[in-house]
$ cat entry03.txt   # compact mmCIF, C-alpha atoms
# COMPACT_ATOMS: atom_id res chain seq x y z
CA MET A 969 18.61 -5.55 -31.24
CA SER A 970 16.76 -3.95 -34.14
CA ASP A 971 14.36 -6.03 -36.23
CA ALA A 972 14.93 -3.79 -39.26
CA PRO A 973 15.99 -5.71 -42.37
CA VAL A 974 19.70 -5.70 -43.14
CA LYS A 975 20.52 -3.96 -46.41
CA THR A 976 22.24 -6.30 -48.84
CA PRO A 977 25.68 -4.92 -49.75
CA PRO A 978 26.59 -4.58 -53.42
CA ARG A 979 28.89 -7.35 -54.62
CA ILE A 980 32.07 -5.92 -56.13
CA LEU A 981 34.44 -8.11 -58.13
CA ILE A 982 38.00 -6.74 -58.14
CA VAL A 983 40.43 -7.90 -60.84
CA ALA A 984 43.89 -6.56 -60.00
CA GLY A 985 47.34 -7.28 -58.58
CA SER A 986 48.22 -7.77 -54.94
CA ASP A 987 50.35 -5.27 -52.97
CA SER A 988 52.16 -7.00 -50.11
CA SER A 989 52.48 -3.73 -48.18
CA GLY A 990 48.71 -3.14 -48.25
CA GLY A 991 48.89 0.31 -49.79
CA ALA A 992 47.60 -0.28 -53.30
CA GLY A 993 46.18 -3.01 -55.50
CA ILE A 994 43.82 -5.66 -54.16
CA GLN A 995 44.44 -4.66 -50.54
CA ALA A 996 43.49 -1.01 -51.09
CA ASP A 997 40.53 -2.14 -53.18
CA ILE A 998 39.16 -4.41 -50.45
CA LYS A 999 39.51 -1.67 -47.81
CA THR A 1000 37.69 0.79 -50.07
CA VAL A 1001 34.84 -1.55 -50.96
CA THR A 1002 34.39 -2.51 -47.31
CA MET A 1003 34.44 1.06 -46.02
CA LEU A 1004 31.79 2.02 -48.58
CA GLY A 1005 29.46 -0.78 -47.58
CA GLY A 1006 30.20 -3.28 -50.33
CA TYR A 1007 31.14 -6.96 -50.38
CA ALA A 1008 34.57 -7.44 -51.97
CA MET A 1009 35.62 -10.42 -54.10
CA THR A 1010 38.92 -10.77 -55.92
CA ALA A 1011 40.62 -12.25 -58.95
CA ILE A 1012 44.32 -11.65 -58.40
CA THR A 1013 46.39 -11.12 -61.54
CA ALA A 1014 49.85 -10.87 -59.96
CA LEU A 1015 51.60 -11.12 -56.62
CA THR A 1016 54.03 -8.34 -55.82
CA ALA A 1017 56.67 -7.81 -53.18
CA GLN A 1018 56.51 -4.05 -52.66
CA ASN A 1019 56.40 -1.29 -50.10
CA SER A 1020 56.30 2.50 -49.96
CA VAL A 1021 59.67 2.89 -51.67
CA GLY A 1022 59.25 0.54 -54.64
CA VAL A 1023 58.50 -2.85 -56.12
CA GLN A 1024 60.99 -5.58 -55.26
CA GLY A 1025 59.42 -8.47 -57.17
CA VAL A 1026 56.46 -9.61 -59.27
CA GLU A 1027 55.00 -13.10 -59.75
CA PRO A 1028 52.35 -13.11 -62.51
CA VAL A 1029 49.27 -15.32 -62.23
CA SER A 1030 48.36 -17.35 -65.31
CA ALA A 1031 45.47 -16.22 -67.49
CA ASP A 1032 43.67 -19.54 -66.90
CA PHE A 1033 43.83 -19.12 -63.13
CA VAL A 1034 42.66 -15.51 -63.30
CA ALA A 1035 39.69 -16.74 -65.32
CA ALA A 1036 39.07 -19.51 -62.78
CA GLN A 1037 38.91 -16.99 -59.96
CA ILE A 1038 36.36 -14.91 -61.86
CA ASP A 1039 34.30 -18.01 -62.62
CA SER A 1040 34.29 -19.03 -58.95
CA CYS A 1041 32.95 -15.63 -57.88
CA LEU A 1042 30.36 -15.07 -60.60
CA SER A 1043 28.98 -18.63 -60.65
CA ASP A 1044 28.15 -18.59 -56.94
CA ILE A 1045 28.11 -15.12 -55.34
CA GLY A 1046 27.42 -13.02 -58.45
CA ALA A 1047 28.37 -9.36 -58.80
CA ASP A 1048 26.82 -5.91 -59.04
CA ALA A 1049 29.90 -4.09 -60.38
CA VAL A 1050 33.49 -4.79 -61.41
CA LYS A 1051 36.74 -2.90 -60.89
CA ILE A 1052 39.72 -3.81 -63.08
CA GLY A 1053 43.25 -2.70 -62.31
CA MET A 1054 46.66 -4.18 -63.15
CA LEU A 1055 46.43 -6.99 -65.73
CA GLY A 1056 49.99 -7.64 -66.85
CA SER A 1057 49.68 -9.47 -70.18
CA PRO A 1058 47.54 -9.69 -73.32
CA GLN A 1059 46.55 -13.23 -72.33
CA VAL A 1060 45.14 -12.04 -69.00
CA VAL A 1061 43.34 -9.16 -70.71
CA GLU A 1062 41.64 -11.55 -73.14
CA ALA A 1063 40.72 -13.98 -70.36
CA VAL A 1064 39.16 -11.24 -68.23
CA ALA A 1065 37.26 -9.77 -71.17
CA GLY A 1066 35.99 -13.20 -72.16
CA ARG A 1067 34.56 -13.80 -68.70
CA LEU A 1068 32.93 -10.36 -68.39
CA HIS A 1069 31.60 -9.93 -71.92
CA GLY A 1070 27.83 -10.05 -72.00
CA THR A 1071 27.34 -9.76 -68.23
CA GLY A 1072 25.99 -6.21 -68.50
CA LEU A 1073 27.77 -5.28 -65.27
CA PRO A 1074 29.13 -1.76 -64.64
CA ILE A 1075 32.88 -2.08 -65.22
CA VAL A 1076 35.35 0.54 -63.99
CA LEU A 1077 38.68 0.05 -65.74
CA ASP A 1078 41.76 1.72 -64.30
CA PRO A 1079 44.16 1.29 -67.25
CA VAL A 1080 47.29 0.84 -65.17
CA MET A 1081 50.13 1.70 -67.53
CA VAL A 1082 52.31 4.36 -65.90
CA ALA A 1083 53.47 4.46 -62.28
CA THR A 1084 53.73 7.62 -60.20
CA SER A 1085 57.50 7.42 -60.77
CA GLY A 1086 56.92 7.48 -64.54
CA ALA A 1087 57.83 3.81 -65.02
CA GLN A 1088 55.96 1.94 -67.78
CA LEU A 1089 53.86 -0.84 -66.21
CA ALA A 1090 52.22 -2.26 -69.35
CA ALA A 1091 53.81 -3.33 -72.61
CA ASP A 1092 52.40 -2.06 -75.89
CA GLU A 1093 50.87 -5.49 -76.58
CA THR A 1094 48.93 -5.37 -73.30
CA VAL A 1095 47.67 -1.85 -73.99
CA ALA A 1096 46.57 -2.93 -77.47
CA ALA A 1097 44.72 -5.91 -75.98
CA MET A 1098 42.94 -3.66 -73.48
CA ARG A 1099 41.90 -1.33 -76.28
CA GLU A 1100 40.55 -4.23 -78.37
CA HIS A 1101 38.93 -6.42 -75.74
CA LEU A 1102 38.20 -4.42 -72.58
CA PHE A 1103 37.48 -0.86 -73.65
CA PRO A 1104 34.36 -1.92 -75.62
CA ILE A 1105 32.77 -3.48 -72.51
CA ALA A 1106 33.94 -0.93 -69.91
CA SER A 1107 31.57 1.62 -68.42
CA LEU A 1108 34.30 4.03 -67.26
CA LEU A 1109 38.02 4.46 -67.88
CA THR A 1110 40.11 6.30 -65.27
CA PRO A 1111 43.46 7.21 -66.89
CA ASN A 1112 45.95 9.58 -65.33
CA LEU A 1113 47.57 12.18 -67.57
CA PRO A 1114 50.55 10.04 -68.72
CA GLU A 1115 48.16 7.17 -69.48
CA LEU A 1116 45.83 9.43 -71.45
CA ALA A 1117 48.80 10.75 -73.43
CA ARG A 1118 49.92 7.20 -74.22
CA LEU A 1119 46.45 6.02 -75.20
CA MET A 1120 45.93 8.95 -77.55
CA ASN A 1121 49.57 9.12 -78.71
CA THR A 1122 49.73 12.83 -78.05
CA GLU A 1123 51.35 15.41 -75.81
CA LEU A 1124 49.20 17.05 -73.15
CA SER A 1125 50.63 20.52 -72.93
CA ASP A 1126 47.70 22.45 -71.50
CA ARG A 1127 44.10 22.30 -70.32
CA GLU A 1128 42.72 22.47 -73.86
CA SER A 1129 44.77 19.50 -75.05
CA ILE A 1130 43.61 17.44 -72.04
CA HIS A 1131 39.99 18.23 -72.82
CA THR A 1132 40.46 17.36 -76.48
CA ALA A 1133 42.22 14.07 -75.78
CA SER A 1134 39.63 13.05 -73.20
CA GLY A 1135 36.78 13.73 -75.59
CA LEU A 1136 38.49 11.81 -78.38
CA LEU A 1137 39.07 8.83 -76.05
CA VAL A 1138 35.34 8.72 -75.29
CA GLY A 1139 34.58 8.91 -78.99
CA THR A 1140 36.96 6.10 -79.93
CA THR A 1141 36.05 3.73 -77.07
CA GLY A 1142 32.35 4.36 -76.52
CA CYS A 1143 32.75 4.49 -72.75
CA SER A 1144 32.91 7.35 -70.27
CA VAL A 1145 36.27 8.72 -69.16
CA LEU A 1146 37.53 10.26 -65.93
CA THR A 1147 40.88 11.93 -66.59
CA LYS A 1148 42.83 12.28 -63.34
CA GLY A 1149 44.93 15.42 -63.07
CA GLY A 1150 47.20 14.47 -60.18
CA HIS A 1151 50.27 14.32 -62.42
CA GLY A 1152 49.70 17.91 -63.51
CA GLU A 1153 51.53 20.90 -62.13
CA GLY A 1154 50.26 23.63 -59.89
CA GLU A 1155 48.62 23.97 -56.51
CA ARG A 1156 45.27 22.58 -57.64
CA ILE A 1157 44.21 19.23 -59.07
CA GLU A 1158 41.76 19.28 -61.96
CA ASP A 1159 39.95 16.08 -62.90
CA LEU A 1160 37.70 15.89 -65.96
CA PHE A 1161 34.68 13.58 -66.29
CA VAL A 1162 33.46 13.05 -69.84
CA PRO A 1163 30.37 10.82 -70.08
CA VAL A 1164 29.28 9.01 -73.21
CA GLU A 1165 26.17 11.15 -73.13
CA GLY A 1166 25.43 14.33 -71.22
CA ARG A 1167 27.40 17.25 -69.91
CA TRP A 1168 31.06 17.20 -68.98
CA ALA A 1169 31.97 17.81 -65.34
CA GLU A 1170 35.17 19.37 -63.99
CA PHE A 1171 36.41 18.83 -60.45
CA ASP A 1172 38.90 21.33 -59.06
CA ASP A 1173 40.43 20.99 -55.59
CA PRO A 1174 43.52 22.23 -53.75
CA ARG A 1175 46.43 19.81 -53.92
CA ILE A 1176 47.05 18.08 -50.57
CA GLU A 1177 50.75 18.41 -49.78
CA THR A 1178 51.83 14.95 -48.66
CA GLN A 1179 54.04 12.07 -49.74
CA HIS A 1180 51.43 9.54 -48.61
CA THR A 1181 49.56 8.92 -51.86
CA HIS A 1182 50.23 5.23 -52.51
CA GLY A 1183 47.14 3.58 -53.96
CA THR A 1184 45.11 6.68 -54.78
CA GLY A 1185 44.21 5.45 -58.27
CA CYS A 1186 43.21 2.00 -57.01
CA THR A 1187 41.14 3.55 -54.24
CA LEU A 1188 39.36 5.96 -56.58
CA SER A 1189 38.36 3.35 -59.15
CA SER A 1190 37.21 0.88 -56.47
CA ALA A 1191 35.18 3.60 -54.76
CA ILE A 1192 33.44 4.45 -58.03
CA ALA A 1193 32.70 0.78 -58.72
CA THR A 1194 31.25 0.30 -55.23
CA LEU A 1195 29.04 3.36 -55.54
CA LEU A 1196 27.83 2.22 -58.95
CA GLY A 1197 27.02 -1.10 -57.31
CA HIS A 1198 24.90 0.83 -54.81
CA GLY A 1199 22.99 2.31 -57.75
CA VAL A 1200 24.52 5.80 -57.56
CA PRO A 1201 24.54 7.63 -60.94
CA MET A 1202 28.02 7.75 -62.46
CA GLU A 1203 28.77 11.48 -62.16
CA HIS A 1204 27.70 11.51 -58.51
CA ALA A 1205 29.68 8.31 -57.91
CA VAL A 1206 32.77 10.08 -59.26
CA ARG A 1207 32.10 13.08 -57.05
CA LEU A 1208 31.71 10.98 -53.89
CA ALA A 1209 34.68 8.74 -54.74
CA ARG A 1210 36.96 11.77 -55.10
CA LYS A 1211 35.76 12.96 -51.71
CA PHE A 1212 36.55 9.55 -50.24
CA VAL A 1213 40.09 9.58 -51.66
CA ARG A 1214 40.82 13.08 -50.39
CA ALA A 1215 39.61 12.14 -46.90
CA ALA A 1216 41.76 9.00 -46.97
CA ILE A 1217 44.81 11.06 -47.98
CA ARG A 1218 44.24 13.49 -45.12
CA ASN A 1219 43.95 10.57 -42.69
CA ALA A 1220 47.03 8.68 -43.93
CA PRO A 1221 48.75 6.90 -41.01
CA GLY A 1222 52.22 8.07 -42.03
CA PHE A 1223 53.66 4.59 -42.55
CA GLY A 1224 56.74 3.96 -44.69
CA ALA A 1225 59.77 5.91 -45.79
CA GLY A 1226 58.38 6.69 -49.26
CA HIS A 1227 54.92 7.09 -50.75
CA GLY A 1228 52.94 5.70 -47.83
CA PRO A 1229 49.42 4.21 -47.76
CA LEU A 1230 46.13 6.05 -47.32
CA GLY A 1231 43.91 6.03 -44.25
CA HIS A 1232 40.90 4.16 -45.63
CA GLN A 1233 39.82 3.10 -42.15
CA ALA A 1234 39.41 6.71 -40.98
CA VAL A 1235 36.71 7.47 -43.53
CA ARG A 1236 33.33 6.94 -41.90
CA SER A 1237 30.75 8.45 -44.23
CA LEU A 1238 30.20 10.57 -47.29
CA ASP A 1239 27.48 13.21 -47.51
$ encode --input "entry03.txt" --output "structure tokens"
Amino acid sequence: MSDAPVKTPPRILIVAGSDSSGGAGIQADIKTVTMLGGYAMTAITALTAQNSVGVQGVEPVSADFVAAQIDSCLSDIGADAVKIGMLGSPQVVEAVAGRLHGTGLPIVLDPVMVATSGAQLAADETVAAMREHLFPIASLLTPNLPELARLMNTELSDRESIHTASGLLVGTTGCSVLTKGGHGEGERIEDLFVPVEGRWAEFDDPRIETQHTHGTGCTLSSAIATLLGHGVPMEHAVRLARKFVRAAIRNAPGFGAGHGPLGHQAVRSLD
């Protein structure tokens, strides 16, 4: 047995909903954090009955109990970074923001508003609460194209309009933005990283033809948060997290009749 000191894993607090099928939400987040060498903690905002073909039921968690979960984690274990996903109500948004304000932690906010199917997952009041209370304390937003269009109240008709909207979102929120291009058309996926300061970065990769993409957004944002917790600079964290997601897609186990889960467990390392 080696006498070398054990490296302390970064502590990642995940605030999101639970996916009973294990493909997305808290379950995908925990797998991602663990595979990337982090220690995962959770504040669950909703319980869902769902699988690869859809959501069969949702049981929201009260704002007070979400706040209690955050308090339990931060008062004892502490945290090095935070990932926020599905929130569900303005009350939960305000409770989460109240607990995280002033902590100075890197916060990756995946503004879950539009499902892959196109279904609206957040009411206008919840989006407004995120804009008022969470965007000012977030380090990075990770909207997909429909979410970016909704946030900026605009149509994204081409590459130029996506670039413009992304830049305006950074300017109005004061946090960095990673616009995910998976909802776009064509054989390649183009993601755009716009930092608060510094140069923009574009990521362009061939689209992986598969139906097994459940939880890609959750996985990406949790991977970025974990890497930030390790002390990786944000642009490089985005680059490595995208690599992680693509490897997990390629190693999907093929479960489910619909949009199946990723293969987080098959990803061993990132260079």
$ residues_around --input "entry03.txt" --residues "Leu1136 in chain A" --least-positions-apart "2" --cutoff "12 Å" --atoms "all atoms listed in the file" --output "NGL selection string"
:A and (1116-1117 or 1119-1122 or 1129-1134 or 1138-1145 or 1162-1164)
$ closest_residue --input "entry03.txt" --among "A:Pro1174, A:Pro978, A:Pro1058, A:Gly1046" --to "Ala1090 in chain A" --atoms "all atoms listed in the file"
A:Pro1058
$ residues_around --input "entry03.txt" --residues "Leu1108 in chain A" --least-positions-apart "4" --cutoff "12 Å" --atoms "only C-alpha atoms" --output "NGL selection string"
:A and (1049-1052 or 1073-1079 or 1102-1104 or 1137-1138 or 1141-1147 or 1161-1164 or 1188-1190 or 1192-1193 or 1196 or 1202-1203 or 1205-1206)
$ residues_around --input "entry03.txt" --residues "Thr1002 in chain A" --least-positions-apart "6" --cutoff "10 Å" --atoms "all atoms listed in the file" --output "ChimeraX atom specification"
/A:977,980,996,1008,1191,1194,1232-1233
$ write_last_selection --input "entry03.txt" --atoms "C-alpha atoms" --output "PDB file, keeping the file's coordinate frame"
ATOM      1  CA  PRO A 977      25.680  -4.920 -49.750  1.00  0.00           C
ATOM      2  CA  ILE A 980      32.070  -5.920 -56.130  1.00  0.00           C
ATOM      3  CA  ALA A 996      43.490  -1.010 -51.090  1.00  0.00           C
ATOM      4  CA  ALA A1008      34.570  -7.440 -51.970  1.00  0.00           C
ATOM      5  CA  ALA A1191      35.180   3.600 -54.760  1.00  0.00           C
ATOM      6  CA  THR A1194      31.250   0.300 -55.230  1.00  0.00           C
ATOM      7  CA  HIS A1232      40.900   4.160 -45.630  1.00  0.00           C
ATOM      8  CA  GLN A1233      39.820   3.100 -42.150  1.00  0.00           C
TER       9      GLN A1233
END
$ atom_distance --input "entry03.txt" --atom1 "CA of Met1009 in chain A" --atom2 "CA of Leu981 in chain A"
4.8 Å
$ atom_distance --input "entry03.txt" --atom1 "CA of Cys1041 in chain A" --atom2 "CA of Gly1006 in chain A"
14.7 Å
$ closest_residue --input "entry03.txt" --among "A:Cys1186, A:Pro1201, A:His1227, A:Thr1181" --to "Arg1214 in chain A" --atoms "all atoms listed in the file"
A:Thr1181
$ residues_near_point --input "entry03.txt" --point "(39.2, 8.1, -40.4)" --cutoff "12 Å" --atoms "only C-alpha atoms" --output "ChimeraX atom specification"
/A:1003,1212-1221,1230-1238
$ closest_residue --input "entry03.txt" --among "A:Gly1222, A:Gly1135, A:Pro1229, A:Gly1149" --to "Gly993 in chain A" --atoms "only C-alpha atoms"
A:Pro1229
$ atom_distance --input "entry03.txt" --atom1 "CA of Val1095 in chain A" --atom2 "CA of Ala1063 in chain A"
14.4 Å
$ residues_around --input "entry03.txt" --residues "Ala992 in chain A" --least-positions-apart "2" --cutoff "8 Å" --atoms "all atoms listed in the file" --output "number ranges by chain"
A: 986-987, 989-990, 994-997, 1182-1184, 1186-1187, 1229
$ residues_around --input "entry03.txt" --residues "range 1013-1028 of chain A" --least-positions-apart "2" --cutoff "7 Å" --atoms "all atoms listed in the file" --output "PyMOL selection string"
chain A and resi 983-989+1011+1030+1034+1055+1224-1228
$ closest_residue --input "entry03.txt" --among "A:Ala1097, A:Met1081, A:Ile1045, A:Ala1091" --to "Gly1066 in chain A" --atoms "only C-alpha atoms"
A:Ala1097
$ axis_aligned_box --input "entry03.txt" --around "range 1026-1039 of chain A" --padding-each-side "6 Å" --output "lines of an AutoDock Vina configuration file"
center_x = 45.4
center_y = -14.6
center_z = -63.4
size_x = 34.2
size_y = 21.9
size_z = 20.2
